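Student: The following file, run21.cif, comprises mmCIF, C-alpha atoms:
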data_upload
#
loop_
_atom_site.label_atom_id
_atom_site.label_comp_id
_atom_site.auth_asym_id
_atom_site.auth_seq_id
_atom_site.Cartn_x
_atom_site.Cartn_y
_atom_site.Cartn_z
CA MET A 1 80.27 86.11 82.30
CA SER A 2 79.68 89.71 81.29
CA GLY A 3 83.31 90.68 80.70
CA GLU A 4 83.12 93.33 83.40
CA LEU A 5 86.08 91.73 85.19
CA LEU A 6 89.19 91.13 83.09
CA ILE A 7 91.74 88.55 84.23
CA GLU A 8 95.31 88.60 82.93
CA THR A 9 97.73 85.85 83.91
CA ARG A 10 101.42 86.55 84.34
CA GLY A 11 102.97 83.37 85.62
CA ALA A 12 101.77 82.82 89.18
CA VAL A 13 100.25 86.34 89.35
CA GLU A 14 96.80 87.28 88.11
CA ILE A 15 95.80 90.88 87.39
CA ALA A 16 92.07 91.38 87.97
CA THR A 17 90.79 94.60 86.36
CA LEU A 18 87.37 96.09 87.06
CA ASN A 19 86.23 96.85 83.52
CA ARG A 20 83.33 99.31 83.53
CA PRO A 21 85.29 102.49 82.83
CA ASP A 22 82.25 104.32 81.43
CA ARG A 23 80.60 103.93 84.87
CA LEU A 24 83.78 104.48 86.89
CA ASN A 25 83.77 100.70 87.51
CA ALA A 26 80.62 100.96 89.62
CA LEU A 27 79.38 97.63 90.97
CA SER A 28 76.69 96.26 88.69
CA GLU A 29 74.99 92.94 89.31
CA GLY A 30 77.15 91.42 86.59
CA LEU A 31 80.40 92.72 88.07
CA VAL A 32 79.35 91.62 91.56
CA ASP A 33 78.65 88.10 90.25
CA GLU A 34 82.02 87.98 88.49
CA LEU A 35 83.91 89.18 91.57
CA ASN A 36 82.16 86.60 93.74
CA SER A 37 82.92 83.83 91.26
CA TYR A 38 86.55 84.87 90.86
CA PHE A 39 87.50 85.32 94.52
CA GLY A 40 85.40 82.34 95.57
CA GLY A 41 87.28 80.09 93.15
CA LEU A 42 90.80 81.05 94.17
CA ALA A 43 91.00 78.58 97.06
CA ASP A 44 91.12 75.72 94.53
CA ARG A 45 93.66 77.40 92.23
CA LYS A 46 97.04 76.87 93.84
CA GLU A 47 98.81 77.87 90.64
CA VAL A 48 97.73 81.45 91.36
CA ARG A 49 99.86 82.76 94.21
CA VAL A 50 99.22 86.54 94.16
CA VAL A 51 96.36 88.69 92.85
CA ILE A 52 96.62 92.32 91.76
CA LEU A 53 93.31 94.22 91.78
CA ARG A 54 92.87 97.46 89.84
CA GLY A 55 90.30 99.53 87.94
CA ALA A 56 90.15 100.52 84.28
CA GLY A 57 89.79 104.11 83.15
CA ARG A 58 89.69 107.22 85.33
CA GLY A 59 89.15 105.67 88.75
CA PHE A 60 89.25 102.54 90.85
CA CYS A 61 85.57 101.98 91.72
CA ALA A 62 82.66 104.33 92.39
CA GLY A 63 80.80 101.84 94.58
CA LEU A 64 77.32 100.48 93.90
CA ASP A 65 75.86 101.44 90.53
CA ILE A 66 72.76 103.17 91.89
CA GLN A 67 71.50 103.90 88.36
CA GLU A 68 71.25 100.23 87.38
CA ASP A 69 67.72 98.85 87.10
CA ARG A 70 67.51 96.06 89.67
CA THR A 71 63.75 95.57 89.40
CA THR A 72 62.61 92.01 90.07
CA ASP A 73 59.44 90.33 91.32
CA GLU A 74 60.96 90.16 94.82
CA THR A 75 59.67 92.34 97.61
CA PRO A 76 61.88 95.46 98.00
CA VAL A 77 63.21 94.36 101.40
CA LEU A 78 64.25 90.93 100.15
CA ARG A 79 65.76 92.39 96.99
CA THR A 80 67.83 94.81 99.03
CA LEU A 81 68.90 92.02 101.38
CA ARG A 82 70.01 89.92 98.43
CA THR A 83 72.01 92.82 97.01
CA GLN A 84 73.63 93.55 100.36
CA THR A 85 74.55 89.92 100.90
CA SER A 86 75.86 89.42 97.38
CA ILE A 87 78.16 92.44 97.51
CA GLY A 88 79.24 91.68 101.07
CA ASN A 89 80.23 88.16 100.06
CA ILE A 90 82.93 89.62 97.80
CA TYR A 91 84.82 91.00 100.81
CA ARG A 92 84.38 87.77 102.77
CA LYS A 93 85.83 85.80 99.87
CA MET A 94 88.71 88.23 99.43
CA ARG A 95 89.73 87.73 103.04
CA ALA A 96 89.18 83.95 102.86
CA CYS A 97 91.17 83.29 99.68
CA PRO A 98 94.75 82.15 100.39
CA GLN A 99 96.36 84.48 97.86
CA PRO A 100 97.55 87.92 98.99
CA ILE A 101 95.69 90.69 97.15
CA ILE A 102 97.56 93.84 96.11
CA ALA A 103 95.15 96.69 95.34
CA LEU A 104 96.17 99.54 93.04
CA GLY A 105 94.05 102.61 93.71
CA HIS A 106 93.78 105.57 91.36
CA GLY A 107 91.13 108.25 91.14
CA ALA A 108 88.10 107.65 93.34
CA ALA A 109 87.34 104.63 95.51
CA ALA A 110 83.91 105.23 97.00
CA GLY A 111 81.59 103.12 99.14
CA GLY A 112 81.81 99.51 98.04
CA GLY A 113 84.87 100.45 95.98
CA LEU A 114 86.62 101.59 99.15
CA SER A 115 85.73 98.24 100.70
CA LEU A 116 87.44 96.42 97.81
CA LEU A 117 90.61 98.23 98.83
CA LEU A 118 90.06 97.62 102.53
CA ALA A 119 89.56 93.88 101.97
CA SER A 120 92.87 93.65 100.09
CA ASP A 121 96.14 92.87 101.85
CA VAL A 122 98.34 95.68 100.50
CA ARG A 123 97.21 98.96 98.96
CA TYR A 124 99.13 101.42 96.78
CA GLY A 125 97.65 104.70 95.56
CA THR A 126 98.43 107.31 92.94
CA PRO A 127 98.60 111.06 93.66
CA SER A 128 95.04 111.29 92.28
CA PHE A 129 93.72 108.68 94.70
CA ARG A 130 90.90 109.65 97.04
CA CYS A 131 88.39 107.55 98.94
CA ASN A 132 85.28 107.81 101.06
CA ALA A 133 82.70 105.75 102.91
CA ALA A 134 79.90 107.15 100.79
CA TYR A 135 76.90 105.38 102.29
CA ILE A 136 75.74 108.08 104.70
CA ARG A 137 75.58 110.59 101.83
CA ILE A 138 72.62 108.78 100.26
CA GLY A 139 70.52 108.59 103.39
CA LEU A 140 71.81 105.25 104.65
CA GLY A 141 73.89 104.36 107.68
CA GLY A 142 77.57 105.12 107.35
CA CYS A 143 78.55 101.60 108.42
CA ASP A 144 78.26 99.37 105.37
CA MET A 145 80.19 96.79 103.36
CA ALA A 146 82.49 95.96 106.28
CA SER A 147 83.68 99.57 106.59
CA SER A 148 82.98 99.59 110.33
CA TYR A 149 85.14 96.47 110.65
CA PHE A 150 88.05 97.32 108.36
CA LEU A 151 88.49 101.07 108.82
CA PRO A 152 89.07 101.26 112.61
CA ARG A 153 91.58 98.42 112.36
CA LEU A 154 93.47 100.15 109.54
CA VAL A 155 93.34 103.84 110.43
CA GLY A 156 92.15 104.01 114.05
CA ALA A 157 88.83 104.98 115.57
CA SER A 158 89.07 108.75 115.09
CA LEU A 159 89.64 108.86 111.33
CA ALA A 160 87.29 105.92 110.81
CA SER A 161 84.55 107.80 112.65
CA GLU A 162 85.25 110.98 110.69
CA MET A 163 84.92 109.13 107.40
CA ILE A 164 81.91 107.02 108.35
CA LEU A 165 79.92 109.80 110.05
CA THR A 166 80.40 112.33 107.24
CA GLY A 167 81.14 110.44 104.03
CA ARG A 168 83.91 112.95 103.32
CA PHE A 169 86.77 112.08 100.97
CA ILE A 170 90.36 111.78 102.12
CA ASP A 171 93.17 112.26 99.63
CA ALA A 172 96.24 110.16 98.92
CA GLU A 173 98.51 112.04 101.33
CA ARG A 174 96.15 111.60 104.24
CA ALA A 175 95.50 107.97 103.32
CA LEU A 176 99.26 107.38 103.37
CA ARG A 177 99.74 109.08 106.75
CA ALA A 178 96.89 107.05 108.22
CA GLY A 179 98.27 103.76 106.94
CA LEU A 180 95.36 103.08 104.59
CA ILE A 181 97.80 102.86 101.68
CA SER A 182 101.44 101.81 101.86
CA GLU A 183 102.86 104.15 99.26
CA ILE A 184 101.96 106.85 96.74
CA VAL A 185 103.11 105.87 93.25
CA GLU A 186 102.83 107.77 89.98
CA GLU A 187 100.06 106.30 87.86
CA GLU A 188 102.33 105.18 85.00
CA ALA A 189 104.46 103.20 87.49
CA LEU A 190 101.58 101.77 89.56
CA LEU A 191 101.23 98.37 87.90
CA ASP A 192 104.99 97.84 87.82
CA ARG A 193 105.19 98.62 91.53
CA GLY A 194 102.44 96.12 92.24
CA LEU A 195 104.15 93.47 90.12
CA ALA A 196 107.46 94.13 91.87
CA LEU A 197 105.81 93.52 95.25
CA ALA A 198 104.20 90.38 93.86
CA ASP A 199 107.64 89.16 92.76
CA GLU A 200 108.91 89.56 96.32
CA MET A 201 105.96 87.51 97.57
CA LEU A 202 106.64 84.86 94.93
CA ALA A 203 110.17 84.48 96.31
CA THR A 204 108.68 83.02 99.49
CA ALA A 205 107.59 79.42 100.04
CA PRO A 206 104.04 78.92 98.69
CA TRP A 207 102.60 77.41 101.88
CA GLY A 208 104.43 79.94 104.02
CA LEU A 209 102.74 82.75 102.08
CA ARG A 210 99.28 81.18 102.33
CA LEU A 211 99.51 80.44 106.04
CA SER A 212 100.92 83.89 106.78
CA LYS A 213 97.82 85.51 105.26
CA GLN A 214 95.66 83.12 107.27
CA ALA A 215 97.46 83.98 110.52
CA LEU A 216 97.16 87.71 109.89
CA ASN A 217 93.42 87.27 109.28
CA LEU A 218 92.93 85.33 112.49
CA ASN A 219 95.18 87.40 114.71
CA ILE A 220 93.64 90.77 113.92
CA ASP A 221 90.72 89.50 116.03
CA ALA A 222 92.75 87.40 118.47
CA GLN A 223 91.34 87.41 121.99
CA SER A 224 94.75 87.59 123.62
CA LEU A 225 98.50 87.50 123.06
CA ASP A 226 98.47 83.80 123.92
CA ALA A 227 95.78 83.10 121.33
CA ALA A 228 97.75 84.97 118.65
CA MET A 229 100.98 83.18 119.49
CA ALA A 230 99.26 79.79 119.46
CA ILE A 231 98.26 80.41 115.83
CA GLU A 232 101.82 81.48 115.00
CA ASP A 233 103.26 78.39 116.73
CA ARG A 234 100.89 76.09 114.83
CA GLN A 235 101.96 77.68 111.53
CA GLN A 236 105.67 77.40 112.26
CA VAL A 237 105.49 73.79 113.45
CA ILE A 238 103.61 72.78 110.28
CA LEU A 239 105.96 74.67 107.95
CA SER A 240 109.12 73.49 109.69
CA ALA A 241 108.24 69.92 108.64
CA THR A 242 108.04 70.74 104.93
CA GLU A 243 110.59 70.07 102.22
CA ASP A 244 110.32 73.72 101.20
CA HIS A 245 111.62 74.79 104.61
CA LYS A 246 114.68 72.57 104.14
CA GLU A 247 115.15 73.94 100.63
CA ALA A 248 114.86 77.55 101.84
CA LEU A 249 117.53 76.97 104.47
CA ALA A 250 119.84 75.26 101.98
CA ALA A 251 119.34 78.07 99.46
CA PHE A 252 119.99 80.74 102.10
CA LEU A 253 123.21 79.07 103.21
CA GLY A 254 124.22 78.42 99.59
CA LYS A 255 123.45 82.00 98.58
CA ARG A 256 121.19 80.87 95.72
CA PRO A 257 117.47 81.26 94.88
CA PRO A 258 115.30 78.50 96.38
CA GLU A 259 113.43 76.03 94.19
CA TYR A 260 110.14 75.28 95.93
CA SER A 261 108.15 72.08 95.37
CA GLU A 262 105.16 72.75 97.68
CA ARG A 263 106.02 69.64 99.72
#
What's the structure tokens form of this structure?
Tutor:
Amino acid sequence: MSGELLIETRGAVEIATLNRPDRLNALSEGLVDELNSYFGGLADRKEVRVVILRGAGRGFCAGLDIQEDRTTDETPVLRTLRTQTSIGNIYRKMRACPQPIIALGHGAAAGGGLSLLLASDVRYGTPSFRCNAAYIRIGLGGCDMASSYFLPRLVGASLASEMILTGRFIDAERALRAGLISEIVEEEALLDRGLALADEMLATAPWGLRLSKQALNLNIDAQSLDAAMAIEDRQQVILSATEDHKEALAAFLGKRPPEYSER
């Protein structure tokens, strides 16, 4: 491990901090490996219920570190394919892990850094926040790192096309209006706001939280209303048979906090 991803544990919440502030947290091979290892391992770590993702220093993430020497004995095409696949796997693992991910954006989120935000479940931004789909600005296609999948679903086809076809930045106010972020929060209050949201998530039943993220993932691509509702019905039938459901009902009626056992 290169130490380019810092993990802080606060009870059932982990704070994952991109830690390359001198490079605006650009994605090096080491950071990519650490992100893949971290998000890929979360499925087996039930003690972690919520993840907060943020960047150290002046910005969230500047995207791929294009100044890093990635020279190997591979052919250029295969080396590029490996890089593409390795970075892309981060976003797949973020969506696949059962823990909700709360992203805290400040400063710039560009290219692959934008995709880290897009692959999260909830996004807050500071007044300084700005983001772009940078790829087309360096002579590549504008559709990269799942941007053509995430952006239209989050902000609609028009703004997604504007961002992808130009690489232009949008600021925090526009990101808020478009629904890309949920709220604009002053930088000094950003972590506390993320932790407060995590606390609300922790007040829910553990399996209910996990299966709700799963259902949202599946239903964003549902083929029909019936398909979406079948996933919801499956989730509710499973959860209704748990001890935690009984405990939640008893706590609600007794006007007390529930004590979940994950049974």
Student: Using all atoms of stretch 13-27 of chain A that appear in the file, construct an axis-aligned enclosing box with 5 Å of padding on every side and provide its centre coordinates and edge lengths in Å, rounded to one decimal, as AutoDock Vina command-line options.
Tutor:
--center_x 89.8 --center_y 95.4 --center_z 86.2 --size_x 30.9 --size_y 28.1 --size_z 19.5
Student: Which of these residues is nearest to A:Gly141, using all atoms listed in the file: A:Gly57, A:Pro127, A:Gly111, A:Gly30?
Tutor: A:Gly111
Student: Any chance you could tabulate, as CSV, the residues of stretch 153-236 of chain A at most 6 Å from stretch 129-136 of chain A with each one's nearest atom pair and distance in Å to one decimal, using all atoms listed in the file, in chain and rising number order?
Tutor:
residue,atom,partner,partner_atom,distance
A:Ile164,CA,A:Ala133,CA,5.6
A:Gly167,CA,A:Ala134,CA,4.8
A:Arg168,CA,A:Asn132,CA,5.8
A:Phe169,CA,A:Asn132,CA,4.5
A:Ile170,CA,A:Arg130,CA,5.5
A:Asp171,CA,A:Arg130,CA,4.3
A:Ala172,CA,A:Phe129,CA,5.1
Student: Nearest to A:Arg193 among A:Leu218, A:Leu253, A:Leu78, A:Ala103, with distances taken over only C-alpha atoms: which residue is it?
Tutor: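 Counting only C-alpha atoms, the residue closest to A:Arg193 is A:Ala103.
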Student: Hey, which of A:Glu68, A:Asp244, A:Ser37, A:Tyr124 ends up closest to A:Leu195? Count all atoms listed in the file.
Tutor: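 The closest residue to A:Leu195 is A:Tyr124.
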Student: How would you write as a list in words the residues that get within 12 Å of (67.1, 95.1, 91.1) in the file's frame, counting all atoms listed in the file?
Tutor: Ser28, Glu29, Gly30, Leu64, Asp65, Ile66, Gln67, Glu68, Asp69, Arg70, Thr71, Thr72, Asp73, Glu74, Thr75, Pro76, Val77, Leu78, Arg79, Thr80, Leu81, Arg82, Thr83 and Gln84 of chain A
Student: To verify the selection step, state as a PyMOL selection string which residues the PyMOL selection byres ((chain A and resi 233-243) around 9) yields on this input.
Tutor: chain A and resi 207-208+211-212+215+228-232+244-248+260-263
Student: Can you take the partial stretch 171-187 of chain A, add N, CA and C atoms, and return it as a short mmCIF file (atom, residue, chain, number, x, y, z; two decimals), in the coordinates of the input?
Tutor:
data_model
loop_
_atom_site.label_atom_id
_atom_site.label_comp_id
_atom_site.auth_asym_id
_atom_site.auth_seq_id
_atom_site.Cartn_x
_atom_site.Cartn_y
_atom_site.Cartn_z
N ASP A 171 92.31 112.35 100.80
CA ASP A 171 93.17 112.26 99.63
C ASP A 171 94.32 111.29 99.87
N ALA A 172 95.17 111.15 98.86
CA ALA A 172 96.24 110.16 98.92
C ALA A 172 97.22 110.44 100.05
N GLU A 173 97.56 111.71 100.28
CA GLU A 173 98.51 112.04 101.33
C GLU A 173 97.98 111.66 102.70
N ARG A 174 96.71 111.95 102.93
CA ARG A 174 96.15 111.60 104.24
C ARG A 174 95.99 110.09 104.38
N ALA A 175 95.61 109.43 103.29
CA ALA A 175 95.50 107.97 103.32
C ALA A 175 96.85 107.33 103.63
N LEU A 176 97.92 107.91 103.10
CA LEU A 176 99.26 107.38 103.37
C LEU A 176 99.62 107.60 104.83
N ARG A 177 99.40 108.80 105.34
CA ARG A 177 99.74 109.08 106.75
C ARG A 177 98.97 108.19 107.71
N ALA A 178 97.74 107.86 107.35
CA ALA A 178 96.89 107.05 108.22
C ALA A 178 97.18 105.56 108.11
N GLY A 179 97.97 105.17 107.11
CA GLY A 179 98.27 103.76 106.94
C GLY A 179 97.26 103.01 106.09
N LEU A 180 96.34 103.74 105.45
CA LEU A 180 95.36 103.08 104.59
C LEU A 180 96.01 102.57 103.32
N ILE A 181 96.98 103.33 102.80
CA ILE A 181 97.80 102.86 101.68
C ILE A 181 99.25 102.82 102.13
N SER A 182 100.04 101.98 101.47
CA SER A 182 101.44 101.81 101.86
C SER A 182 102.36 102.83 101.21
N GLU A 183 101.96 103.30 100.03
CA GLU A 183 102.86 104.15 99.26
C GLU A 183 102.06 104.91 98.22
N ILE A 184 102.52 106.10 97.86
CA ILE A 184 101.96 106.85 96.74
C ILE A 184 102.89 106.66 95.55
N VAL A 185 102.33 106.22 94.44
CA VAL A 185 103.11 105.87 93.25
C VAL A 185 102.50 106.58 92.05
N GLU A 186 103.34 107.14 91.20
CA GLU A 186 102.83 107.77 89.98
C GLU A 186 102.06 106.74 89.16
N GLU A 187 100.99 107.22 88.51
CA GLU A 187 100.06 106.30 87.86
C GLU A 187 100.75 105.41 86.82
#
